[in-house]
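Novice: data_36.cif is reproduced below (mmCIF, N, CA, C and O atoms).
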```cif
data_coords
#
loop_
_atom_site.label_atom_id
_atom_site.label_comp_id
_atom_site.auth_asym_id
_atom_site.auth_seq_id
_atom_site.Cartn_x
_atom_site.Cartn_y
_atom_site.Cartn_z
N MET A 243 124.46 16.53 31.88
CA MET A 243 123.86 17.13 30.71
C MET A 243 123.38 18.53 31.11
O MET A 243 122.69 18.69 32.11
N SER A 244 123.74 19.52 30.31
CA SER A 244 123.32 20.88 30.63
C SER A 244 121.81 21.02 30.46
O SER A 244 121.16 20.23 29.78
N PHE A 245 121.27 22.05 31.07
CA PHE A 245 119.82 22.29 31.02
C PHE A 245 119.34 22.47 29.58
O PHE A 245 118.32 21.91 29.19
N ILE A 246 120.08 23.22 28.78
CA ILE A 246 119.68 23.48 27.39
C ILE A 246 119.68 22.18 26.58
O ILE A 246 118.75 21.90 25.84
N VAL A 247 120.73 21.38 26.75
CA VAL A 247 120.81 20.11 26.02
C VAL A 247 119.70 19.18 26.48
O VAL A 247 119.04 18.54 25.66
N LYS A 248 119.46 19.11 27.78
CA LYS A 248 118.41 18.24 28.30
C LYS A 248 117.05 18.68 27.77
O LYS A 248 116.23 17.85 27.37
N ASN A 249 116.80 19.98 27.73
CA ASN A 249 115.54 20.50 27.21
C ASN A 249 115.35 20.10 25.75
O ASN A 249 114.28 19.66 25.35
N ALA A 250 116.40 20.28 24.95
CA ALA A 250 116.32 19.92 23.52
C ALA A 250 116.13 18.42 23.37
O ALA A 250 115.34 17.97 22.53
N PHE A 251 116.83 17.65 24.17
CA PHE A 251 116.73 16.19 24.12
C PHE A 251 115.32 15.75 24.48
O PHE A 251 114.73 14.91 23.80
N ASP A 252 114.74 16.32 25.52
CA ASP A 252 113.38 15.96 25.93
C ASP A 252 112.37 16.30 24.84
O ASP A 252 111.45 15.53 24.56
N LYS A 253 112.55 17.45 24.20
CA LYS A 253 111.65 17.86 23.12
C LYS A 253 111.78 16.89 21.94
O LYS A 253 110.78 16.46 21.38
N TRP A 254 113.00 16.58 21.58
CA TRP A 254 113.24 15.66 20.47
C TRP A 254 112.63 14.29 20.78
O TRP A 254 112.04 13.66 19.92
N LYS A 255 112.76 13.85 22.02
CA LYS A 255 112.24 12.55 22.43
C LYS A 255 110.72 12.50 22.27
O LYS A 255 110.17 11.50 21.79
N ARG A 256 110.03 13.57 22.64
CA ARG A 256 108.57 13.61 22.48
C ARG A 256 108.18 13.51 21.01
O ARG A 256 107.27 12.79 20.63
N ILE A 257 108.89 14.24 20.16
CA ILE A 257 108.60 14.20 18.72
C ILE A 257 108.90 12.82 18.16
O ILE A 257 108.13 12.25 17.40
N PHE A 258 110.01 12.26 18.54
CA PHE A 258 110.47 10.96 18.03
C PHE A 258 109.45 9.86 18.32
O PHE A 258 109.09 9.10 17.44
N PHE A 259 108.98 9.78 19.55
CA PHE A 259 108.09 8.68 19.91
C PHE A 259 106.65 8.89 19.43
O PHE A 259 105.88 7.96 19.40
N LYS A 260 106.29 10.11 19.05
CA LYS A 260 104.93 10.35 18.54
C LYS A 260 104.87 10.20 17.03
O LYS A 260 103.80 10.28 16.45
N SER A 261 105.99 9.99 16.39
CA SER A 261 106.00 9.87 14.94
C SER A 261 106.11 8.40 14.54
O SER A 261 106.32 7.52 15.36
N LYS A 262 105.98 8.15 13.25
CA LYS A 262 106.09 6.80 12.73
C LYS A 262 107.56 6.34 12.71
O LYS A 262 107.85 5.16 12.56
N LEU A 263 108.48 7.28 12.87
CA LEU A 263 109.90 6.98 12.80
C LEU A 263 110.29 5.82 13.71
O LEU A 263 111.01 4.92 13.30
N PHE A 264 109.80 5.84 14.93
CA PHE A 264 110.19 4.79 15.88
C PHE A 264 109.80 3.41 15.36
O PHE A 264 110.57 2.47 15.46
N ASP A 265 108.62 3.29 14.75
CA ASP A 265 108.17 2.00 14.23
C ASP A 265 108.99 1.53 13.04
O ASP A 265 109.04 0.33 12.76
N ASP A 266 109.62 2.45 12.34
CA ASP A 266 110.40 2.11 11.15
C ASP A 266 111.84 1.69 11.48
O ASP A 266 112.55 1.22 10.60
N LEU A 267 112.26 1.89 12.70
CA LEU A 267 113.63 1.54 13.06
C LEU A 267 113.80 0.03 13.16
O LEU A 267 112.95 -0.67 13.69
N ASN A 268 114.90 -0.45 12.63
CA ASN A 268 115.21 -1.87 12.64
C ASN A 268 116.38 -2.10 13.60
O ASN A 268 117.48 -1.61 13.35
N PRO A 269 116.17 -2.86 14.70
CA PRO A 269 117.25 -3.05 15.67
C PRO A 269 118.47 -3.76 15.08
O PRO A 269 119.60 -3.50 15.48
N LYS A 270 118.25 -4.66 14.11
CA LYS A 270 119.39 -5.35 13.48
C LYS A 270 120.24 -4.36 12.69
O LYS A 270 121.47 -4.37 12.79
N LEU A 271 119.56 -3.50 11.90
CA LEU A 271 120.30 -2.48 11.15
C LEU A 271 121.03 -1.52 12.08
O LEU A 271 122.17 -1.14 11.83
N MET A 272 120.35 -1.12 13.16
CA MET A 272 121.00 -0.20 14.09
C MET A 272 122.23 -0.85 14.71
O MET A 272 123.26 -0.20 14.87
N GLY A 273 122.13 -2.13 15.04
CA GLY A 273 123.28 -2.84 15.58
C GLY A 273 124.46 -2.84 14.62
O GLY A 273 125.60 -2.61 15.00
N ILE A 274 124.16 -3.08 13.34
CA ILE A 274 125.21 -3.08 12.31
C ILE A 274 125.83 -1.69 12.19
O ILE A 274 127.05 -1.54 12.11
N VAL A 275 124.99 -0.68 12.19
CA VAL A 275 125.46 0.71 12.09
C VAL A 275 126.37 1.06 13.26
O VAL A 275 127.48 1.59 13.08
N LEU A 276 125.92 0.75 14.46
CA LEU A 276 126.72 1.10 15.65
C LEU A 276 128.01 0.29 15.70
O LEU A 276 129.06 0.82 16.09
N MET A 277 127.96 -0.97 15.27
CA MET A 277 129.18 -1.78 15.22
C MET A 277 130.15 -1.18 14.19
O MET A 277 131.36 -1.11 14.43
N ALA A 278 129.63 -0.75 13.05
CA ALA A 278 130.49 -0.17 12.01
C ALA A 278 131.18 1.10 12.51
O ALA A 278 132.39 1.28 12.28
N PHE A 279 130.45 1.95 13.23
CA PHE A 279 131.07 3.15 13.79
C PHE A 279 132.13 2.78 14.82
O PHE A 279 133.19 3.40 14.88
N ARG A 280 131.85 1.75 15.61
CA ARG A 280 132.83 1.30 16.62
C ARG A 280 134.10 0.81 15.94
O ARG A 280 135.21 1.22 16.30
N ILE A 281 133.94 -0.04 14.93
CA ILE A 281 135.10 -0.61 14.24
C ILE A 281 135.87 0.49 13.49
O ILE A 281 137.10 0.52 13.52
N GLN A 282 135.14 1.38 12.84
CA GLN A 282 135.76 2.48 12.11
C GLN A 282 136.61 3.35 13.03
O GLN A 282 137.63 3.89 12.62
N ASN A 283 136.20 3.46 14.28
CA ASN A 283 136.95 4.26 15.26
C ASN A 283 137.93 3.43 16.08
O ASN A 283 138.45 3.90 17.08
N ASP A 284 138.14 2.18 15.65
CA ASP A 284 139.12 1.28 16.27
C ASP A 284 138.89 1.13 17.78
O ASP A 284 139.81 1.24 18.58
N LYS A 285 137.63 0.88 18.15
CA LYS A 285 137.24 0.69 19.55
C LYS A 285 136.75 -0.74 19.76
O LYS A 285 136.18 -1.35 18.87
N THR A 286 136.98 -1.24 20.95
CA THR A 286 136.46 -2.56 21.31
C THR A 286 135.09 -2.39 21.96
O THR A 286 134.70 -1.28 22.34
N LYS A 287 134.39 -3.50 22.10
CA LYS A 287 133.10 -3.45 22.80
C LYS A 287 133.30 -2.98 24.23
O LYS A 287 132.49 -2.24 24.77
N ALA A 288 134.40 -3.40 24.84
CA ALA A 288 134.70 -2.97 26.21
C ALA A 288 134.94 -1.46 26.27
O ALA A 288 134.50 -0.80 27.22
N ASP A 289 135.63 -0.91 25.27
CA ASP A 289 135.86 0.54 25.21
C ASP A 289 134.53 1.29 25.19
O ASP A 289 134.32 2.27 25.91
N ILE A 290 133.62 0.81 24.33
CA ILE A 290 132.32 1.47 24.18
C ILE A 290 131.51 1.32 25.47
O ILE A 290 130.89 2.27 25.94
N ALA A 291 131.53 0.12 26.04
CA ALA A 291 130.79 -0.13 27.28
C ALA A 291 131.27 0.82 28.38
O ALA A 291 130.46 1.42 29.09
N ASN A 292 132.56 0.97 28.51
CA ASN A 292 133.11 1.87 29.53
C ASN A 292 132.71 3.32 29.26
O ASN A 292 132.34 4.05 30.18
N ALA A 293 132.79 3.74 28.01
CA ALA A 293 132.45 5.12 27.66
C ALA A 293 130.97 5.43 27.88
O ALA A 293 130.62 6.55 28.23
N LEU A 294 130.11 4.42 27.66
CA LEU A 294 128.67 4.64 27.80
C LEU A 294 128.13 4.24 29.17
O LEU A 294 126.94 4.35 29.43
N ASP A 295 129.03 3.74 30.01
CA ASP A 295 128.68 3.32 31.37
C ASP A 295 127.62 2.20 31.38
O ASP A 295 126.63 2.27 32.11
N VAL A 296 127.86 1.20 30.53
CA VAL A 296 127.04 -0.01 30.50
C VAL A 296 127.99 -1.20 30.49
O VAL A 296 129.20 -1.03 30.35
N ASP A 297 127.45 -2.41 30.61
CA ASP A 297 128.36 -3.55 30.55
C ASP A 297 128.56 -4.00 29.10
O ASP A 297 127.81 -3.65 28.20
N ARG A 298 129.60 -4.78 28.89
CA ARG A 298 129.98 -5.23 27.56
C ARG A 298 128.87 -6.05 26.90
O ARG A 298 128.66 -5.98 25.71
N LYS A 299 128.15 -6.81 27.71
CA LYS A 299 127.07 -7.64 27.18
C LYS A 299 125.97 -6.77 26.54
O LYS A 299 125.39 -7.14 25.52
N THR A 300 125.71 -5.61 27.11
CA THR A 300 124.73 -4.69 26.54
C THR A 300 125.15 -4.28 25.13
O THR A 300 124.35 -4.30 24.20
N ILE A 301 126.43 -3.95 24.97
CA ILE A 301 126.95 -3.56 23.65
C ILE A 301 126.83 -4.74 22.68
O ILE A 301 126.42 -4.59 21.54
N HIS A 302 127.17 -5.93 23.16
CA HIS A 302 127.07 -7.13 22.34
C HIS A 302 125.63 -7.35 21.86
O HIS A 302 125.39 -7.60 20.67
N LEU A 303 124.67 -7.24 22.76
CA LEU A 303 123.26 -7.45 22.40
C LEU A 303 122.76 -6.38 21.42
O LEU A 303 122.00 -6.68 20.50
N ILE A 304 123.18 -5.15 21.62
CA ILE A 304 122.78 -4.06 20.71
C ILE A 304 123.35 -4.32 19.33
O ILE A 304 122.65 -4.22 18.33
N GLU A 305 124.63 -4.67 19.25
CA GLU A 305 125.27 -4.88 17.95
C GLU A 305 124.70 -6.10 17.22
O GLU A 305 124.68 -6.11 16.00
N LYS A 306 124.23 -7.09 17.95
CA LYS A 306 123.59 -8.25 17.32
C LYS A 306 122.16 -7.94 16.88
O LYS A 306 121.57 -8.69 16.13
N GLY A 307 121.60 -6.86 17.40
CA GLY A 307 120.23 -6.49 17.08
C GLY A 307 119.23 -7.16 17.99
O GLY A 307 118.03 -7.11 17.75
N ASP A 308 119.71 -7.77 19.07
CA ASP A 308 118.83 -8.43 20.02
C ASP A 308 118.27 -7.48 21.07
O ASP A 308 117.36 -7.82 21.82
N ARG A 309 118.85 -6.29 21.13
CA ARG A 309 118.37 -5.28 22.08
C ARG A 309 118.41 -3.93 21.39
O ARG A 309 119.42 -3.55 20.79
N PHE A 310 117.30 -3.22 21.48
CA PHE A 310 117.25 -1.89 20.90
C PHE A 310 117.80 -0.92 21.93
O PHE A 310 117.36 -0.92 23.08
N PRO A 311 118.77 -0.08 21.56
CA PRO A 311 119.32 0.86 22.56
C PRO A 311 118.29 1.91 22.95
O PRO A 311 117.46 2.31 22.13
N SER A 312 118.35 2.32 24.18
CA SER A 312 117.46 3.39 24.63
C SER A 312 117.84 4.67 23.90
O SER A 312 118.93 4.81 23.33
N LEU A 313 116.94 5.62 23.89
CA LEU A 313 117.22 6.90 23.26
C LEU A 313 118.41 7.58 23.94
O LEU A 313 119.23 8.22 23.28
N ASP A 314 118.54 7.37 25.22
CA ASP A 314 119.68 7.91 25.97
C ASP A 314 120.99 7.31 25.44
O ASP A 314 121.97 8.03 25.25
N LEU A 315 121.00 6.01 25.19
CA LEU A 315 122.22 5.37 24.67
C LEU A 315 122.51 5.83 23.25
O LEU A 315 123.67 6.03 22.89
N ILE A 316 121.48 6.01 22.44
CA ILE A 316 121.69 6.51 21.08
C ILE A 316 122.32 7.91 21.16
O ILE A 316 123.25 8.22 20.42
N TYR A 317 121.82 8.72 22.07
CA TYR A 317 122.39 10.05 22.28
C TYR A 317 123.87 9.95 22.69
O TYR A 317 124.72 10.66 22.15
N LYS A 318 124.16 9.05 23.62
CA LYS A 318 125.55 8.89 24.07
C LYS A 318 126.45 8.39 22.94
O LYS A 318 127.59 8.83 22.81
N TYR A 319 125.95 7.46 22.13
CA TYR A 319 126.70 7.01 20.95
C TYR A 319 127.00 8.20 20.04
O TYR A 319 128.11 8.33 19.52
N SER A 320 125.99 9.02 19.80
CA SER A 320 126.18 10.15 18.89
C SER A 320 127.27 11.09 19.41
O SER A 320 128.08 11.60 18.63
N LYS A 321 127.28 11.32 20.70
CA LYS A 321 128.32 12.18 21.29
C LYS A 321 129.69 11.51 21.22
O LYS A 321 130.68 12.15 20.91
N LEU A 322 129.72 10.22 21.50
CA LEU A 322 130.99 9.48 21.51
C LEU A 322 131.65 9.49 20.14
O LEU A 322 132.86 9.67 20.01
N PHE A 323 130.85 9.32 19.09
CA PHE A 323 131.39 9.25 17.73
C PHE A 323 131.26 10.57 16.97
O PHE A 323 131.54 10.64 15.78
N ASN A 324 130.82 11.61 17.66
CA ASN A 324 130.68 12.94 17.06
C ASN A 324 129.78 12.89 15.82
O ASN A 324 130.14 13.36 14.74
N LEU A 325 128.62 12.27 15.98
CA LEU A 325 127.64 12.12 14.91
C LEU A 325 126.33 12.76 15.33
O LEU A 325 126.07 12.91 16.52
N SER A 326 125.50 13.05 14.37
CA SER A 326 124.16 13.48 14.73
C SER A 326 123.31 12.24 14.99
O SER A 326 123.57 11.17 14.42
N ILE A 327 122.34 12.38 15.84
CA ILE A 327 121.42 11.27 16.10
C ILE A 327 120.71 10.92 14.80
O ILE A 327 120.49 9.75 14.50
N ASP A 328 120.40 11.92 14.01
CA ASP A 328 119.72 11.69 12.74
C ASP A 328 120.51 10.75 11.83
O ASP A 328 119.94 9.93 11.14
N LYS A 329 121.82 10.90 11.82
CA LYS A 329 122.65 10.05 10.96
C LYS A 329 122.56 8.59 11.41
O LYS A 329 122.45 7.69 10.58
N ILE A 330 122.61 8.37 12.71
CA ILE A 330 122.49 7.00 13.24
C ILE A 330 121.13 6.43 12.85
O ILE A 330 121.03 5.30 12.37
N LEU A 331 120.09 7.21 13.04
CA LEU A 331 118.73 6.74 12.74
C LEU A 331 118.51 6.54 11.25
O LEU A 331 117.85 5.59 10.84
N TYR A 332 119.06 7.41 10.43
CA TYR A 332 118.88 7.32 8.99
C TYR A 332 119.33 5.96 8.45
O TYR A 332 118.64 5.35 7.63
N PHE A 333 120.46 5.48 8.92
CA PHE A 333 120.98 4.19 8.46
C PHE A 333 120.32 3.00 9.12
O PHE A 333 120.61 1.85 8.79
N SER A 334 119.43 3.26 10.07
CA SER A 334 118.79 2.18 10.84
C SER A 334 117.33 1.98 10.48
O SER A 334 116.63 1.21 11.13
N ILE A 335 116.86 2.66 9.44
CA ILE A 335 115.45 2.55 9.06
C ILE A 335 115.27 1.40 8.07
O ILE A 335 116.07 1.22 7.17
N LYS A 336 114.20 0.65 8.27
CA LYS A 336 113.87 -0.52 7.44
C LYS A 336 113.86 -0.19 5.98
O LYS A 336 113.42 0.83 5.56
#
```
Take the structure from the file and write it as structure tokens.

Specialist:
Amino acid sequence: MSFIVKNAFDKWKRIFFKSKLFDDLNPKLMGIVLMAFRIQNDKTKADIANALDVDRKTIHLIEKGDRFPSLDLIYKYSKLFNLSIDKILYFSIK
């Protein structure tokens, strides 16, 4: 990650966790959203796991809503699917 991107990401992370937004996120909805983007892009869970450098079980748990992805993983998803983080979060709010 370049210095500029990391700086922006760190700033966004501070704002994100100090706001009510984090409390409004629903892990089940986020799982559905991320699964929909995966299916829409004709990718398997293994494809996503390899691209994000995690194991397949992590992707499975996220998509089921049993595990909330870290902000780093949300960022990686956004880059992988060429989406804004805001778009992922918008569809994941209760």

Novice: Just checking: using only N, CA, C and O atoms, which residue out of A:Asn249, A:Asp314, A:Tyr332, A:Ile281 ends up closest to Leu294 of chain A?

Specialist: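 Looking only at the distances to Leu294 of chain A, the closest residue turns out to be A:Asp314.
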
Novice: Compare A:Ile335, A:Asp328, A:Asp297, A:Thr286 by their minimum atom-to-atom distance to Ile316 of chain A, counting only N, CA, C and O atoms, and give me the closest one.

Specialist: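 Result for the nearest residue to Ile316 of chain A: A:Asp328.
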
Novice: Could you please determine the separation between atom O of Gly307 of chain A and atom CA of Lys270 of chain A in Å, to one decimal place?

Specialist: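 Distance reported for this atom pair: 4.8 Å.
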
Novice: What is the distance between atom O of Asp284 of chain A and atom N of Leu267 of chain A, in Å to one decimal?

Specialist: 28.2 Å

Novice: I'd like the contact shell of segment 325-327 of chain A - 10 Å cut-off, only C-alpha atoms, skipping same-chain residues fewer than 6 positions apart - returned as an MDAnalysis selection string.

Specialist: chainID A and resid 279 313 316:319

Novice: Keeping only N, CA, C and O atoms, write the selected residues to a file as a PDB file, keeping the file's coordinate frame.

Specialist:
```pdb
ATOM      1  N   PHE A 279     130.450   1.950  13.230  1.00  0.00           N
ATOM      2  CA  PHE A 279     131.070   3.150  13.790  1.00  0.00           C
ATOM      3  C   PHE A 279     132.130   2.780  14.820  1.00  0.00           C
ATOM      4  O   PHE A 279     133.190   3.400  14.880  1.00  0.00           O
ATOM      5  N   LEU A 313     116.940   5.620  23.890  1.00  0.00           N
ATOM      6  CA  LEU A 313     117.220   6.900  23.260  1.00  0.00           C
ATOM      7  C   LEU A 313     118.410   7.580  23.940  1.00  0.00           C
ATOM      8  O   LEU A 313     119.230   8.220  23.280  1.00  0.00           O
ATOM      9  N   ILE A 316     121.480   6.010  22.440  1.00  0.00           N
ATOM     10  CA  ILE A 316     121.690   6.510  21.080  1.00  0.00           C
ATOM     11  C   ILE A 316     122.320   7.910  21.160  1.00  0.00           C
ATOM     12  O   ILE A 316     123.250   8.220  20.420  1.00  0.00           O
ATOM     13  N   TYR A 317     121.820   8.720  22.070  1.00  0.00           N
ATOM     14  CA  TYR A 317     122.390  10.050  22.280  1.00  0.00           C
ATOM     15  C   TYR A 317     123.870   9.950  22.690  1.00  0.00           C
ATOM     16  O   TYR A 317     124.720  10.660  22.150  1.00  0.00           O
ATOM     17  N   LYS A 318     124.160   9.050  23.620  1.00  0.00           N
ATOM     18  CA  LYS A 318     125.550   8.890  24.070  1.00  0.00           C
ATOM     19  C   LYS A 318     126.450   8.390  22.940  1.00  0.00           C
ATOM     20  O   LYS A 318     127.590   8.830  22.810  1.00  0.00           O
ATOM     21  N   TYR A 319     125.950   7.460  22.130  1.00  0.00           N
ATOM     22  CA  TYR A 319     126.700   7.010  20.950  1.00  0.00           C
ATOM     23  C   TYR A 319     127.000   8.200  20.040  1.00  0.00           C
ATOM     24  O   TYR A 319     128.110   8.330  19.520  1.00  0.00           O
TER      25      TYR A 319
END
```

Novice: With distances taken over only C-alpha atoms, which residue among A:Ala288, A:Ala278, A:Leu322, A:Gly273 lies nearest Glu305 of chain A?

Specialist: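 For Glu305 of chain A, the nearest of the given residues is A:Gly273.
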
Novice: Restricting the calculation to all atoms listed in the file: of A:Ser334, A:Lys329, A:Asp252, A:Phe323, which residue gets closest to Arg280 of chain A?

Specialist: A:Phe323

Novice: Quote the spacing between atom N of Ala293 of chain A and atom CA of Asp266 of chain A in Å to one decimal place.

Specialist: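 Going from atom N of Ala293 of chain A over to atom CA of Asp266 of chain A, I get 28.1 Å.
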
Novice: Written as a list of chain:residue names, what is the full residue list that the PyMOL selection byres ((chain A and resi 309) around 8) yields on the file shown?

Specialist: A:Asn268, A:Pro269, A:Lys270, A:Met272, A:Gly273, A:Lys299, A:Thr300, A:Ile301, A:His302, A:Leu303, A:Ile304, A:Glu305, A:Lys306, A:Gly307, A:Asp308, A:Phe310, A:Pro311, A:Ser312
